[in-house]
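**Q** Structure incoming, see below.
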Amino acid sequence: MGKRIGIVGFSLYLCITFALGEYYSKTRPFTPKQEVVTNLHFFFHDTLTSPNASAVLIAKPTLTGGDNSSSPSPFGSLFAVDDPLTVGPDPKSKKIGNARGMWVSSGKDVPTLTMYIDFGFTSGKFNGSSFSVFSRNTIMEKEREVAVVGGRGRFRMARGVALLNTYSVNLTNGDAIVEYHVTLYHY
C-alpha cells in the first residue's frame, strides 16, 4: 500500500478483512506525523471526606497484617476517583477537567499508591482530550514523578512524565491537593 488512504477507506478495509473471518489486518508501513511536545500545569484535588468526596473506598483488605486503622488508606485499599483538575490550588479556581480511574494503596512499609488514572480535559484547547497515567506514586515524598503511558484526542499516542508536588495534605483524613507539571510527547 504505497498510497495513503483516508479514515473511511481504512475503516472499509478493516470491515472487509474482519468480515472474511480474519482477526488481523495485513501489516503495512506506517509514516507518523511530526511528534510534538505539550507542557501542562494544573492542580489535582483528591478528597476522601464527605459530603463532596471525589475518591471513594471500594475495597479494603482484612488480612494485611498489622494495625492500619489509623491510615485513611491502609495497605491494600482500592479507591475509585473522579478528582477535579483546576488551574490553581484553590478548589474554587477554574475547573479544566477530571482525573478518573483508580488507585490502590500498594506500599506495605512505605506509603505508596499505584495509579491507574485518565486525566481528561473539559475546557480550552484540549477539551475532549486526555492522557493516562499508570505508575507508582510515593506519596510521602514532596516531589515525585509518574509515567504517562498513553493518550487520546489531541494527546493521541502520548508518552511522557508528570512531576508531582504535594501542595497540601491532611494526614488525618487523606485529603490532598497535588500540583502537576506534565510533559507529553505525542502526534
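Chain labels A, B, ... are given in the sequence in which chains occur in the C-alpha cells; within each chain residues are numbered consecutively from 1, and ligands are likewise numbered from 1 in the order shown.
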I'd like the neighbourhood of Pro91 (chain A) as a compact mmCIF listing (two decimals) with C-alpha atoms, in the first residue's frame, where a residue qualifies if any of its atoms comes within 12 Å (using only C-alpha atoms), though same-chain residues fewer than 5 positions away should be ignored.

**A**
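Just written: result31.txt:
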```txt
# COMPACT_ATOMS: atom_id res chain seq x y z
CA PHE A 42 -2.67 22.13 36.87
CA PHE A 43 -3.81 21.07 40.35
CA PHE A 44 -5.38 17.73 41.30
CA HIS A 45 -7.85 17.69 44.22
CA ASP A 46 -8.19 14.26 45.87
CA THR A 47 -10.93 14.47 48.53
CA ASN A 52 -18.07 16.07 48.42
CA ASP A 83 -10.99 14.18 41.07
CA PRO A 84 -11.34 17.74 39.75
CA LEU A 85 -8.42 19.36 37.92
CA THR A 86 -8.11 23.12 38.34
CA ILE A 96 -10.42 22.33 33.50
CA SER A 168 -1.26 20.39 50.78
CA ASP A 175 -7.49 14.92 51.52
CA ALA A 176 -4.76 16.27 49.25
CA ILE A 177 -4.07 18.91 46.63
CA VAL A 178 -1.24 17.99 44.27
```

**Q** Name all residues at most 7 Å from region 161-165 of chain A (count only C-alpha atoms; drop same-chain ones fewer than 4 positions away) and give them as a short mmCIF file (atom, residue, chain, number, x, y, z; two decimals) with C-alpha atoms, in the first residue's frame.

**A**
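The result, stored in selection-v4.cif:
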```
data_model
loop_
_atom_site.label_atom_id
_atom_site.label_comp_id
_atom_site.auth_asym_id
_atom_site.auth_seq_id
_atom_site.Cartn_x
_atom_site.Cartn_y
_atom_site.Cartn_z
CA LYS A 142 7.04 16.03 48.48
CA GLU A 143 8.25 15.89 44.87
CA ARG A 144 7.92 12.78 42.73
CA GLU A 145 7.45 11.53 39.16
CA VAL A 146 4.85 9.33 37.49
CA ALA A 147 4.78 7.82 33.98
CA VAL A 148 2.37 8.89 31.24
CA VAL A 178 -1.24 17.99 44.27
CA GLU A 179 0.44 20.25 41.71
CA TYR A 180 1.16 18.61 38.34
CA HIS A 181 3.79 19.65 35.77
CA VAL A 182 3.28 17.34 32.79
CA THR A 183 5.41 16.89 29.68
CA LEU A 184 3.73 14.96 26.88
#
```

**Q** Could you state the separation of CA of Pro61 (chain A) and CA of Ser77 (chain A) in Å, given to one decimal place?

**A**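 CA of Pro61 (chain A) sits 6.4 Å away from CA of Ser77 (chain A).
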
**Q** Pick out each residue of region 139-171 of chain A that DSSP on the backbone tags as strand (DSSP E or B); I need them as a PyMOL selection string.

**A** chain A and resi 143-152+159-169

**Q** Deliver the residues from the most recent selection as a file, using N, CA and C atoms, as a JSON list (two decimals), in the first residue's frame.

**A**
```json
[["chain", "number", "residue", "atom", "x", "y", "z"],
["A", 143, "GLU", "N", 8.15, 15.84, 46.32],
["A", 143, "GLU", "CA", 8.25, 15.89, 44.87],
["A", 143, "GLU", "C", 8.51, 14.48, 44.35],
["A", 144, "ARG", "N", 7.77, 14.11, 43.30],
["A", 144, "ARG", "CA", 7.92, 12.78, 42.73],
["A", 144, "ARG", "C", 7.53, 12.79, 41.26],
["A", 145, "GLU", "N", 7.66, 11.63, 40.61],
["A", 145, "GLU", "CA", 7.45, 11.53, 39.16],
["A", 145, "GLU", "C", 6.60, 10.30, 38.87],
["A", 146, "VAL", "N", 5.64, 10.46, 37.94],
["A", 146, "VAL", "CA", 4.85, 9.33, 37.49],
["A", 146, "VAL", "C", 4.89, 9.26, 35.96],
["A", 147, "ALA", "N", 4.67, 8.05, 35.42],
["A", 147, "ALA", "CA", 4.78, 7.82, 33.98],
["A", 147, "ALA", "C", 3.45, 8.04, 33.27],
["A", 148, "VAL", "N", 3.52, 8.76, 32.15],
["A", 148, "VAL", "CA", 2.37, 8.89, 31.24],
["A", 148, "VAL", "C", 2.52, 7.78, 30.21],
["A", 149, "VAL", "N", 1.47, 6.96, 30.06],
["A", 149, "VAL", "CA", 1.58, 5.78, 29.20],
["A", 149, "VAL", "C", 0.68, 5.80, 27.97],
["A", 150, "GLY", "N", -0.11, 6.85, 27.79],
["A", 150, "GLY", "CA", -0.97, 6.91, 26.61],
["A", 150, "GLY", "C", -1.83, 8.14, 26.61],
["A", 151, "GLY", "N", -2.61, 8.30, 25.56],
["A", 151, "GLY", "CA", -3.50, 9.44, 25.46],
["A", 151, "GLY", "C", -4.46, 9.28, 24.31],
["A", 152, "ARG", "N", -5.43, 10.19, 24.26],
["A", 152, "ARG", "CA", -6.41, 10.19, 23.18],
["A", 152, "ARG", "C", -6.73, 11.62, 22.81],
["A", 159, "ARG", "N", 3.15, 9.84, 25.42],
["A", 159, "ARG", "CA", 4.03, 9.27, 26.41],
["A", 159, "ARG", "C", 4.71, 10.45, 27.07],
["A", 160, "GLY", "N", 5.19, 10.25, 28.28],
["A", 160, "GLY", "CA", 5.82, 11.37, 28.96],
["A", 160, "GLY", "C", 5.93, 11.14, 30.44],
["A", 161, "VAL", "N", 5.98, 12.25, 31.14],
["A", 161, "VAL", "CA", 6.19, 12.20, 32.58],
["A", 161, "VAL", "C", 5.43, 13.35, 33.24],
["A", 162, "ALA", "N", 4.95, 13.09, 34.45],
["A", 162, "ALA", "CA", 4.33, 14.14, 35.26],
["A", 162, "ALA", "C", 5.14, 14.28, 36.54],
["A", 163, "LEU", "N", 5.55, 15.51, 36.82],
["A", 163, "LEU", "CA", 6.25, 15.82, 38.06],
["A", 163, "LEU", "C", 5.20, 16.31, 39.05],
["A", 164, "LEU", "N", 5.11, 15.64, 40.19],
["A", 164, "LEU", "CA", 4.10, 15.95, 41.19],
["A", 164, "LEU", "C", 4.73, 16.63, 42.39],
["A", 165, "ASN", "N", 4.02, 17.60, 42.91],
["A", 165, "ASN", "CA", 4.45, 18.32, 44.10],
["A", 165, "ASN", "C", 3.24, 18.44, 45.02],
["A", 166, "THR", "N", 3.34, 17.88, 46.22],
["A", 166, "THR", "CA", 2.22, 17.97, 47.16],
["A", 166, "THR", "C", 2.08, 19.42, 47.61],
["A", 167, "TYR", "N", 0.95, 20.02, 47.27],
["A", 167, "TYR", "CA", 0.68, 21.40, 47.66],
["A", 167, "TYR", "C", 0.17, 21.42, 49.10],
["A", 168, "SER", "N", -0.77, 20.52, 49.41],
["A", 168, "SER", "CA", -1.26, 20.39, 50.78],
["A", 168, "SER", "C", -1.82, 18.99, 50.97],
["A", 169, "VAL", "N", -1.75, 18.50, 52.22],
["A", 169, "VAL", "CA", -2.32, 17.19, 52.55],
["A", 169, "VAL", "C", -2.77, 17.21, 54.00]]
```
